[in-house]
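This is my_file.pdb (PDB, C-alpha atoms).
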```
ATOM      1  CA  MET G   1      92.513  93.505  97.337
ATOM      2  CA  SER G   2      96.226  93.819  96.598
ATOM      3  CA  GLU G   3      96.781  97.558  96.828
ATOM      4  CA  ILE G   4      95.667  99.639  99.815
ATOM      5  CA  PRO G   5      94.076 102.900  98.686
ATOM      6  CA  GLU G   6      95.594 106.059 100.155
ATOM      7  CA  TYR G   7      94.211 109.547 100.707
ATOM      8  CA  LYS G   8      96.755 112.311 100.069
ATOM      9  CA  PHE G   9      96.362 116.028 100.559
ATOM     10  CA  ASP G  10      99.188 118.582 100.235
ATOM     11  CA  ARG G  11      98.815 122.232 101.119
ATOM     12  CA  LEU G  12     101.162 125.222 101.269
ATOM     13  CA  PHE G  13     100.732 127.555 104.259
ATOM     14  CA  ASP G  14     101.935 131.134 104.311
ATOM     15  CA  ALA G  15     103.668 130.869 107.701
ATOM     16  CA  PRO G  16     107.003 129.517 108.981
ATOM     17  CA  ARG G  17     107.123 125.911 110.135
ATOM     18  CA  ASP G  18     107.330 126.595 113.887
ATOM     19  CA  LEU G  19     104.022 128.501 113.726
ATOM     20  CA  VAL G  20     102.305 125.786 111.662
ATOM     21  CA  TRP G  21     103.587 123.123 114.071
ATOM     22  CA  ARG G  22     102.187 125.096 117.022
ATOM     23  CA  ALA G  23      98.806 125.450 115.304
ATOM     24  CA  TRP G  24      98.678 121.620 114.995
ATOM     25  CA  THR G  25      99.964 120.732 118.439
ATOM     26  CA  ASP G  26      98.518 123.347 120.800
ATOM     27  CA  PRO G  27      94.889 122.319 121.512
ATOM     28  CA  GLU G  28      93.968 125.972 122.148
ATOM     29  CA  LEU G  29      94.860 126.691 118.503
ATOM     30  CA  LEU G  30      93.923 123.305 117.029
ATOM     31  CA  HIS G  31      90.274 123.463 118.096
ATOM     32  CA  ARG G  32      89.907 126.778 116.263
ATOM     33  CA  TRP G  33      90.542 125.281 112.825
ATOM     34  CA  TYR G  34      90.065 121.493 112.945
ATOM     35  CA  GLY G  35      86.567 120.533 111.754
ATOM     36  CA  PRO G  36      84.978 122.740 109.102
ATOM     37  CA  GLY G  37      82.087 124.815 110.431
ATOM     38  CA  ALA G  38      82.064 122.720 113.588
ATOM     39  CA  GLU G  39      82.345 123.644 117.228
ATOM     40  CA  THR G  40      85.364 121.483 118.032
ATOM     41  CA  ILE G  41      85.864 120.404 121.647
ATOM     42  CA  ILE G  42      89.170 118.743 122.567
ATOM     43  CA  HIS G  43      88.494 116.574 125.618
ATOM     44  CA  GLU G  44      92.056 115.305 125.974
ATOM     45  CA  PHE G  45      95.303 116.084 124.185
ATOM     46  CA  ASP G  46      98.431 114.196 125.172
ATOM     47  CA  LEU G  47     101.097 114.808 122.541
ATOM     48  CA  LYS G  48     103.419 111.831 122.891
ATOM     49  CA  PRO G  49     103.612 108.338 121.387
ATOM     50  CA  GLY G  50     100.717 106.366 122.906
ATOM     51  CA  GLY G  51      98.994 109.594 124.032
ATOM     52  CA  SER G  52      95.416 110.390 122.977
ATOM     53  CA  TRP G  53      93.613 113.289 121.351
ATOM     54  CA  LEU G  54      89.907 112.884 122.142
ATOM     55  CA  ASN G  55      87.948 115.075 119.768
ATOM     56  CA  GLU G  56      84.292 116.072 119.558
ATOM     57  CA  MET G  57      82.900 118.052 116.637
ATOM     58  CA  LYS G  58      79.463 119.608 117.023
ATOM     59  CA  TRP G  59      77.313 120.670 114.112
ATOM     60  CA  GLY G  60      74.192 122.073 115.781
ATOM     61  CA  ASP G  61      72.722 119.255 117.859
ATOM     62  CA  ASN G  62      74.799 116.565 116.136
ATOM     63  CA  SER G  63      78.096 115.513 117.655
ATOM     64  CA  MET G  64      80.755 113.417 116.019
ATOM     65  CA  PHE G  65      83.446 111.787 118.147
ATOM     66  CA  GLN G  66      86.909 110.739 117.012
ATOM     67  CA  LYS G  67      89.909 109.363 118.851
ATOM     68  CA  VAL G  68      93.493 109.903 117.770
ATOM     69  CA  VAL G  69      96.375 107.915 119.285
ATOM     70  CA  PHE G  70      99.767 109.434 118.534
ATOM     71  CA  GLN G  71     102.475 107.079 117.274
ATOM     72  CA  GLU G  72     105.295 109.453 116.404
ATOM     73  CA  VAL G  73     105.865 113.050 117.442
ATOM     74  CA  THR G  74     108.965 114.575 115.834
ATOM     75  CA  GLU G  75     108.937 118.323 116.430
ATOM     76  CA  PRO G  76     108.681 120.247 114.128
ATOM     77  CA  GLU G  77     108.569 117.947 111.128
ATOM     78  CA  LYS G  78     106.336 114.912 111.543
ATOM     79  CA  LEU G  79     103.242 113.568 113.292
ATOM     80  CA  VAL G  80     101.949 110.016 112.900
ATOM     81  CA  TRP G  81      98.731 108.878 114.505
ATOM     82  CA  HIS G  82      96.105 106.147 114.488
ATOM     83  CA  HIS G  83      92.822 107.823 113.628
ATOM     84  CA  HIS G  84      89.746 106.107 115.083
ATOM     85  CA  SER G  85      87.368 107.722 112.626
ATOM     86  CA  SER G  86      84.114 107.093 114.484
ATOM     87  CA  THR G  87      83.636 106.502 118.205
ATOM     88  CA  ASP G  88      80.816 106.797 120.718
ATOM     89  CA  SER G  89      80.954 109.446 123.439
ATOM     90  CA  GLU G  90      82.969 106.967 125.569
ATOM     91  CA  TRP G  91      85.617 106.804 122.807
ATOM     92  CA  ASN G  92      84.884 103.190 121.792
ATOM     93  CA  ASP G  93      85.042 102.397 118.066
ATOM     94  CA  VAL G  94      81.606 102.278 116.409
ATOM     95  CA  PRO G  95      80.655 101.880 112.742
ATOM     96  CA  ASN G  96      80.245 105.199 110.950
ATOM     97  CA  PRO G  97      76.537 106.039 111.280
ATOM     98  CA  LYS G  98      76.400 107.397 107.744
ATOM     99  CA  MET G  99      78.561 104.886 105.931
ATOM    100  CA  ALA G 100      78.829 101.541 107.684
ATOM    101  CA  ASP G 101      81.845 100.326 105.703
ATOM    102  CA  TRP G 102      83.970 103.420 106.241
ATOM    103  CA  PRO G 103      87.367 102.270 107.657
ATOM    104  CA  ARG G 104      87.354 102.456 111.451
ATOM    105  CA  LEU G 105      91.097 102.993 111.670
ATOM    106  CA  LEU G 106      93.251 105.233 109.473
ATOM    107  CA  LEU G 107      97.038 105.513 109.725
ATOM    108  CA  THR G 108      97.539 109.270 109.421
ATOM    109  CA  THR G 109     100.907 110.854 108.630
ATOM    110  CA  VAL G 110     101.454 114.618 108.604
ATOM    111  CA  VAL G 111     104.780 115.925 107.341
ATOM    112  CA  PHE G 112     105.720 119.596 107.773
ATOM    113  CA  GLU G 113     108.246 120.752 105.151
ATOM    114  CA  ASP G 114     110.242 123.885 105.922
ATOM    115  CA  MET G 115     110.110 126.280 102.970
ATOM    116  CA  GLY G 116     111.491 129.404 104.666
ATOM    117  CA  ASP G 117     108.606 131.742 105.448
ATOM    118  CA  LYS G 118     106.186 129.153 104.084
ATOM    119  CA  THR G 119     105.421 125.560 105.093
ATOM    120  CA  LYS G 120     104.234 122.654 103.025
ATOM    121  CA  VAL G 121     101.998 120.198 104.863
ATOM    122  CA  ARG G 122     101.696 116.724 103.371
ATOM    123  CA  LEU G 123      98.857 114.667 104.791
ATOM    124  CA  SER G 124      98.277 110.989 104.117
ATOM    125  CA  GLN G 125      95.607 108.590 105.402
ATOM    126  CA  LEU G 126      95.741 104.834 104.906
ATOM    127  CA  PRO G 127      93.190 102.271 106.142
ATOM    128  CA  MET G 128      94.586  99.960 108.845
ATOM    129  CA  GLU G 129      93.458  96.457 109.825
ATOM    130  CA  ALA G 130      90.695  96.990 107.283
ATOM    131  CA  SER G 131      88.171  94.419 106.119
ATOM    132  CA  ASP G 132      87.696  93.884 102.382
ATOM    133  CA  ALA G 133      84.452  95.860 102.611
ATOM    134  CA  GLU G 134      86.223  98.772 104.303
ATOM    135  CA  LEU G 135      89.005  98.771 101.710
ATOM    136  CA  ALA G 136      86.454  98.674  98.898
ATOM    137  CA  CYS G 137      84.487 101.549 100.436
ATOM    138  CA  PHE G 138      87.622 103.664 100.925
ATOM    139  CA  ALA G 139      88.883 102.860  97.393
ATOM    140  CA  MET G 140      85.512 103.836  95.965
ATOM    141  CA  VAL G 141      85.543 107.186  97.771
ATOM    142  CA  MET G 142      89.164 107.828  96.732
ATOM    143  CA  SER G 143      88.445 107.140  93.057
ATOM    144  CA  ASN G 144      85.432 109.409  93.326
ATOM    145  CA  MET G 145      87.590 112.186  94.783
ATOM    146  CA  ASP G 146      90.149 111.888  91.973
ATOM    147  CA  GLN G 147      87.449 112.457  89.430
ATOM    148  CA  GLY G 148      85.585 115.089  91.405
ATOM    149  CA  TRP G 149      81.858 115.549  91.373
ATOM    150  CA  GLY G 150      81.681 116.231  87.637
ATOM    151  CA  SER G 151      82.170 112.615  86.648
ATOM    152  CA  GLY G 152      82.605 109.236  88.226
ATOM    153  CA  TYR G 153      79.963 108.868  90.891
ATOM    154  CA  ALA G 154      80.951 105.254  91.532
ATOM    155  CA  ILE G 155      79.642 105.478  95.043
ATOM    156  CA  ILE G 156      76.338 106.978  94.001
ATOM    157  CA  ASP G 157      75.982 104.177  91.463
ATOM    158  CA  GLU G 158      76.265 101.526  94.137
ATOM    159  CA  LEU G 159      74.004 103.319  96.563
ATOM    160  CA  LEU G 160      71.434 103.892  93.874
ATOM    161  CA  VAL G 161      71.294 100.158  93.236
ATOM    162  CA  GLU G 162      70.446  99.726  96.925
ATOM    163  CA  LEU G 163      67.802 102.433  96.672
ATOM    164  CA  LEU G 164      66.158 100.805  93.680
ATOM    165  CA  GLU G 165      66.205  97.441  95.428
ATOM    166  CA  GLU G 166      64.570  98.996  98.497
ATOM    167  CA  ARG G 167      61.919 100.564  96.302
ATOM    168  CA  ARG G 168      61.232  97.285  94.536
ATOM    169  CA  ALA G 169      60.987  95.499  97.871
ATOM    170  CA  LYS G 170      58.453  98.097  99.059
ATOM    171  CA  GLN G 171      56.395  97.752  95.928
ATOM    172  CA  GLY G 172      56.498  93.989  96.438
TER     173      GLY G 172
ATOM    174  CA  MET T   1      57.934 115.232  83.175
ATOM    175  CA  GLU T   2      58.753 111.691  82.060
ATOM    176  CA  LEU T   3      61.293 111.099  79.348
ATOM    177  CA  VAL T   4      59.932 108.628  76.820
ATOM    178  CA  GLY T   5      62.280 105.871  75.759
ATOM    179  CA  TYR T   6      64.238 105.692  78.993
ATOM    180  CA  THR T   7      63.724 102.936  81.476
ATOM    181  CA  ASN T   8      62.679 104.228  84.877
ATOM    182  CA  GLU T   9      66.009 103.280  86.339
ATOM    183  CA  GLN T  10      68.009 105.176  83.738
ATOM    184  CA  SER T  11      65.975 108.335  84.209
ATOM    185  CA  THR T  12      66.270 107.989  87.991
ATOM    186  CA  LEU T  13      70.032 107.625  87.699
ATOM    187  CA  ASP T  14      70.377 110.665  85.442
ATOM    188  CA  ALA T  15      68.127 112.753  87.671
ATOM    189  CA  VAL T  16      70.061 111.769  90.798
ATOM    190  CA  PHE T  17      73.432 112.544  89.191
ATOM    191  CA  ALA T  18      72.172 115.886  87.914
ATOM    192  CA  ALA T  19      70.698 116.717  91.310
ATOM    193  CA  LEU T  20      73.897 115.858  93.187
ATOM    194  CA  ALA T  21      76.249 117.615  90.778
ATOM    195  CA  ASP T  22      75.394 120.986  92.306
ATOM    196  CA  PRO T  23      77.128 121.986  95.582
ATOM    197  CA  THR T  24      74.151 124.063  96.760
ATOM    198  CA  ARG T  25      71.836 121.087  96.357
ATOM    199  CA  ARG T  26      74.285 118.898  98.272
ATOM    200  CA  ALA T  27      74.311 121.532 101.029
ATOM    201  CA  ILE T  28      70.498 121.539 101.055
ATOM    202  CA  LEU T  29      70.497 117.736 101.438
ATOM    203  CA  SER T  30      73.013 118.095 104.239
ATOM    204  CA  ARG T  31      70.670 120.563 105.972
ATOM    205  CA  LEU T  32      67.716 118.202 105.547
ATOM    206  CA  ALA T  33      69.757 115.341 106.991
ATOM    207  CA  ASP T  34      69.355 117.256 110.290
ATOM    208  CA  GLY T  35      65.552 117.345 109.944
ATOM    209  CA  GLN T  36      62.775 118.632 107.692
ATOM    210  CA  ALA T  37      62.665 122.337 106.905
ATOM    211  CA  SER T  38      60.592 124.960 105.100
ATOM    212  CA  VAL T  39      61.877 126.940 102.114
ATOM    213  CA  ASN T  40      62.495 129.903 104.445
ATOM    214  CA  GLU T  41      64.516 127.797 106.848
ATOM    215  CA  ILE T  42      66.537 126.286 104.014
ATOM    216  CA  ALA T  43      67.182 129.652 102.389
ATOM    217  CA  ALA T  44      68.406 131.298 105.621
ATOM    218  CA  PRO T  45      72.085 130.140 105.576
ATOM    219  CA  PHE T  46      72.439 130.688 101.821
ATOM    220  CA  GLU T  47      72.565 134.039 100.119
ATOM    221  CA  MET T  48      69.772 132.986  97.852
ATOM    222  CA  SER T  49      66.221 134.004  97.075
ATOM    223  CA  GLN T  50      63.300 131.758  97.978
ATOM    224  CA  PRO T  51      62.416 131.157  94.302
ATOM    225  CA  ALA T  52      66.002 129.988  93.697
ATOM    226  CA  VAL T  53      65.777 127.585  96.650
ATOM    227  CA  SER T  54      62.394 126.394  95.382
ATOM    228  CA  ARG T  55      63.944 125.587  92.001
ATOM    229  CA  HIS T  56      66.673 123.513  93.674
ATOM    230  CA  LEU T  57      64.031 121.712  95.730
ATOM    231  CA  LYS T  58      62.124 120.864  92.551
ATOM    232  CA  VAL T  59      65.231 119.242  91.071
ATOM    233  CA  LEU T  60      65.793 117.241  94.256
ATOM    234  CA  GLU T  61      62.123 116.241  94.361
ATOM    235  CA  ARG T  62      62.166 115.042  90.737
ATOM    236  CA  ALA T  63      65.257 112.950  91.526
ATOM    237  CA  GLY T  64      63.339 111.288  94.353
ATOM    238  CA  LEU T  65      65.781 112.535  96.981
ATOM    239  CA  ILE T  66      63.262 114.639  98.905
ATOM    240  CA  GLU T  67      59.529 114.969  99.300
ATOM    241  CA  ARG T  68      57.453 118.043 100.145
ATOM    242  CA  GLY T  69      54.766 118.174 102.806
ATOM    243  CA  VAL T  70      51.147 118.763 101.858
ATOM    244  CA  ASP T  71      50.789 121.706 104.232
ATOM    245  CA  GLU T  72      50.248 124.426 101.597
ATOM    246  CA  GLN T  73      51.647 127.225 103.750
ATOM    247  CA  ARG T  74      54.993 125.703 104.685
ATOM    248  CA  ARG T  75      55.394 122.698 102.404
ATOM    249  CA  PRO T  76      58.338 121.461 104.504
ATOM    250  CA  ALA T  77      60.913 119.440 102.578
ATOM    251  CA  ARG T  78      62.219 116.191 104.002
ATOM    252  CA  LEU T  79      64.566 113.493 102.871
ATOM    253  CA  LYS T  80      63.661 110.353 101.026
ATOM    254  CA  ALA T  81      66.286 107.753 100.205
ATOM    255  CA  GLU T  82      67.821 108.499 103.594
ATOM    256  CA  LYS T  83      70.557 105.916 103.446
ATOM    257  CA  MET T  84      71.863 107.277 100.180
ATOM    258  CA  VAL T  85      71.605 110.891 101.230
ATOM    259  CA  ALA T  86      73.378 110.143 104.523
ATOM    260  CA  ALA T  87      76.208 108.524 102.575
ATOM    261  CA  VAL T  88      76.404 111.461 100.171
ATOM    262  CA  ASP T  89      76.449 113.817 103.170
ATOM    263  CA  TRP T  90      79.348 111.845 104.667
ATOM    264  CA  LEU T  91      81.200 111.720 101.343
ATOM    265  CA  THR T  92      80.831 115.481 100.928
ATOM    266  CA  LYS T  93      82.025 116.077 104.499
ATOM    267  CA  PHE T  94      85.091 113.862 103.975
ATOM    268  CA  GLN T  95      85.923 115.455 100.639
ATOM    269  CA  GLU T  96      85.706 118.920 102.094
ATOM    270  CA  PHE T  97      87.059 118.137 105.557
ATOM    271  CA  TRP T  98      90.765 118.888 105.212
ATOM    272  CA  GLY T  99      90.430 121.605 102.562
ATOM    273  CA  ALA T 100      87.848 123.516 104.589
ATOM    274  CA  SER T 101      89.751 122.930 107.847
ATOM    275  CA  PHE T 102      92.945 124.201 106.209
ATOM    276  CA  ASP T 103      91.136 127.353 105.074
ATOM    277  CA  GLN T 104      90.317 127.889 108.756
ATOM    278  CA  LEU T 105      93.953 127.150 109.660
ATOM    279  CA  ASP T 106      95.048 129.920 107.255
ATOM    280  CA  ALA T 107      92.997 132.352 109.318
ATOM    281  CA  VAL T 108      94.463 131.074 112.609
ATOM    282  CA  LEU T 109      98.011 131.432 111.225
ATOM    283  CA  ILE T 110      97.307 135.040 110.228
ATOM    284  CA  THR T 111      96.282 135.920 113.784
ATOM    285  CA  MET T 112      99.332 134.029 115.142
ATOM    286  CA  LYS T 113     101.648 135.991 112.853
ATOM    287  CA  GLN T 114     100.001 139.266 113.905
ATOM    288  CA  ALA T 115     100.409 138.336 117.577
ATOM    289  CA  GLU T 116     104.102 137.548 117.018
ATOM    290  CA  ALA T 117     104.688 140.800 115.149
ATOM    291  CA  LYS T 118     103.061 142.688 118.014
ATOM    292  CA  ASP T 119     105.229 140.890 120.599
ATOM    293  CA  THR T 120     108.341 141.821 118.602
ATOM    294  CA  ASP T 121     107.216 145.465 118.434
ATOM    295  CA  ASP T 122     106.661 145.539 122.177
ATOM    296  CA  GLU T 123     110.196 144.355 122.992
TER     297      GLU T 123
END
```

Go through the file and emit its structure as structure tokens.
Amino acid sequence: MSEIPEYKFDRLFDAPRDLVWRAWTDPELLHRWYGPGAETIIHEFDLKPGGSWLNEMKWGDNSMFQKVVFQEVTEPEKLVWHHHSSTDSEWNDVPNPKMADWPRLLLTTVVFEDMGDKTKVRLSQLPMEASDAELACFAMVMSNMDQGWGSGYAIIDELLVELLEERRAKQG
Amino acid sequence: MELVGYTNEQSTLDAVFAALADPTRRAILSRLADGQASVNEIAAPFEMSQPAVSRHLKVLERAGLIERGVDEQRRPARLKAEKMVAAVDWLTKFQEFWGASFDQLDAVLITMKQAEAKDTDDE
């Protein structure tokens, strides 16, 4: 695969940049918003290149663990980290339990643009050291996101093929 | 209800796409990924009547994504096609992760701004 698929998400926040930076870099604030509908527990947060953010998100009885290793910390404009997207509770990389070919490592860049009393946050995630299967999986999800749920469904297509094969195998 | 003239696979595909196109049905699948549940239990987090939930369950059942228990009182719904539903659950979570987190960040920033305004007033 020649081109590495990238996830991009831009968002304007109605607050000055120093506040937005604090909300991203103070674990007391970060755990309150990171992880939709989850109880987010930050086990370690060491904001410096090489430092780790060990993150647990709990949805009911289900926990999901992720490890972030900071690469660049440029207050108040830029954060770069290696995002270990699925780990066990000891923070070792494990395949994503729900999607085995999801990239294990994502290079994440967050840029904070000063717009006076507002701040633009530009987020990007790029698979790192990815296998062909991981790149294909990520590309498939990205193309699906571009098209939204109304059309596309490339991923459902592929999974449905698996489902039908399973069914055939069961029926003999 | 079988559509005549379609192969089984085509009708399955259409039914699955139709079933997954609705965010409430994806949320119901997400709930069932955590374990089987009755109509009451499924309806609880949604502002939705039981008949409305039952209609969604029928669509999911026709698509082969869930099955209903035989217990006439509860008829708990549980997932079929677990691998696919787990992947759809993950896909939905990823798609919504940053947007939904950022909505929560908006709320945190509002309280931070209020706290700062209060500090300034106090000085």

Could you list, as a list in words, every residue matched by the PyMOL selection byres ((chain G and resi 69-80) around 9) in this structure? Arg17, Asp18, Val20, Trp21, Arg22, Asp46, Leu47, Lys48, Pro49, Gly50, Gly51, Ser52, Trp53, Leu54, Lys67, Val68, Trp81, His82, His83, His84, Leu107, Thr108, Thr109, Val110, Val111, Phe112, Glu113 and Asp114 of chain G

Select all residues near (83.6, 124.8, 112.6) (cut-off 10 Å, inclusive, file coordinates), counting all atoms listed in the file, and output them as a ChimeraX atom specification. /G:31-40,57-59 /T:100-101,104

Specify as an MDAnalysis selection string all residues of chain T found within 9 Å of chain G, counting all atoms listed in the file. chainID T and resid 9 12:13 16:17 20:22 34 81 83:91 93 95:110 112:113

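Among the candidates T:Ala117, T:Val53, T:Ala63, T:Val70, the one nearest to Ile28 in chain T when counting only C-alpha atoms is T:Val53.
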
Rounded to one decimal, what separation in Å do you get between CA of Trp91 in chain G and CA of Glu28 in chain G? 20.9 Å
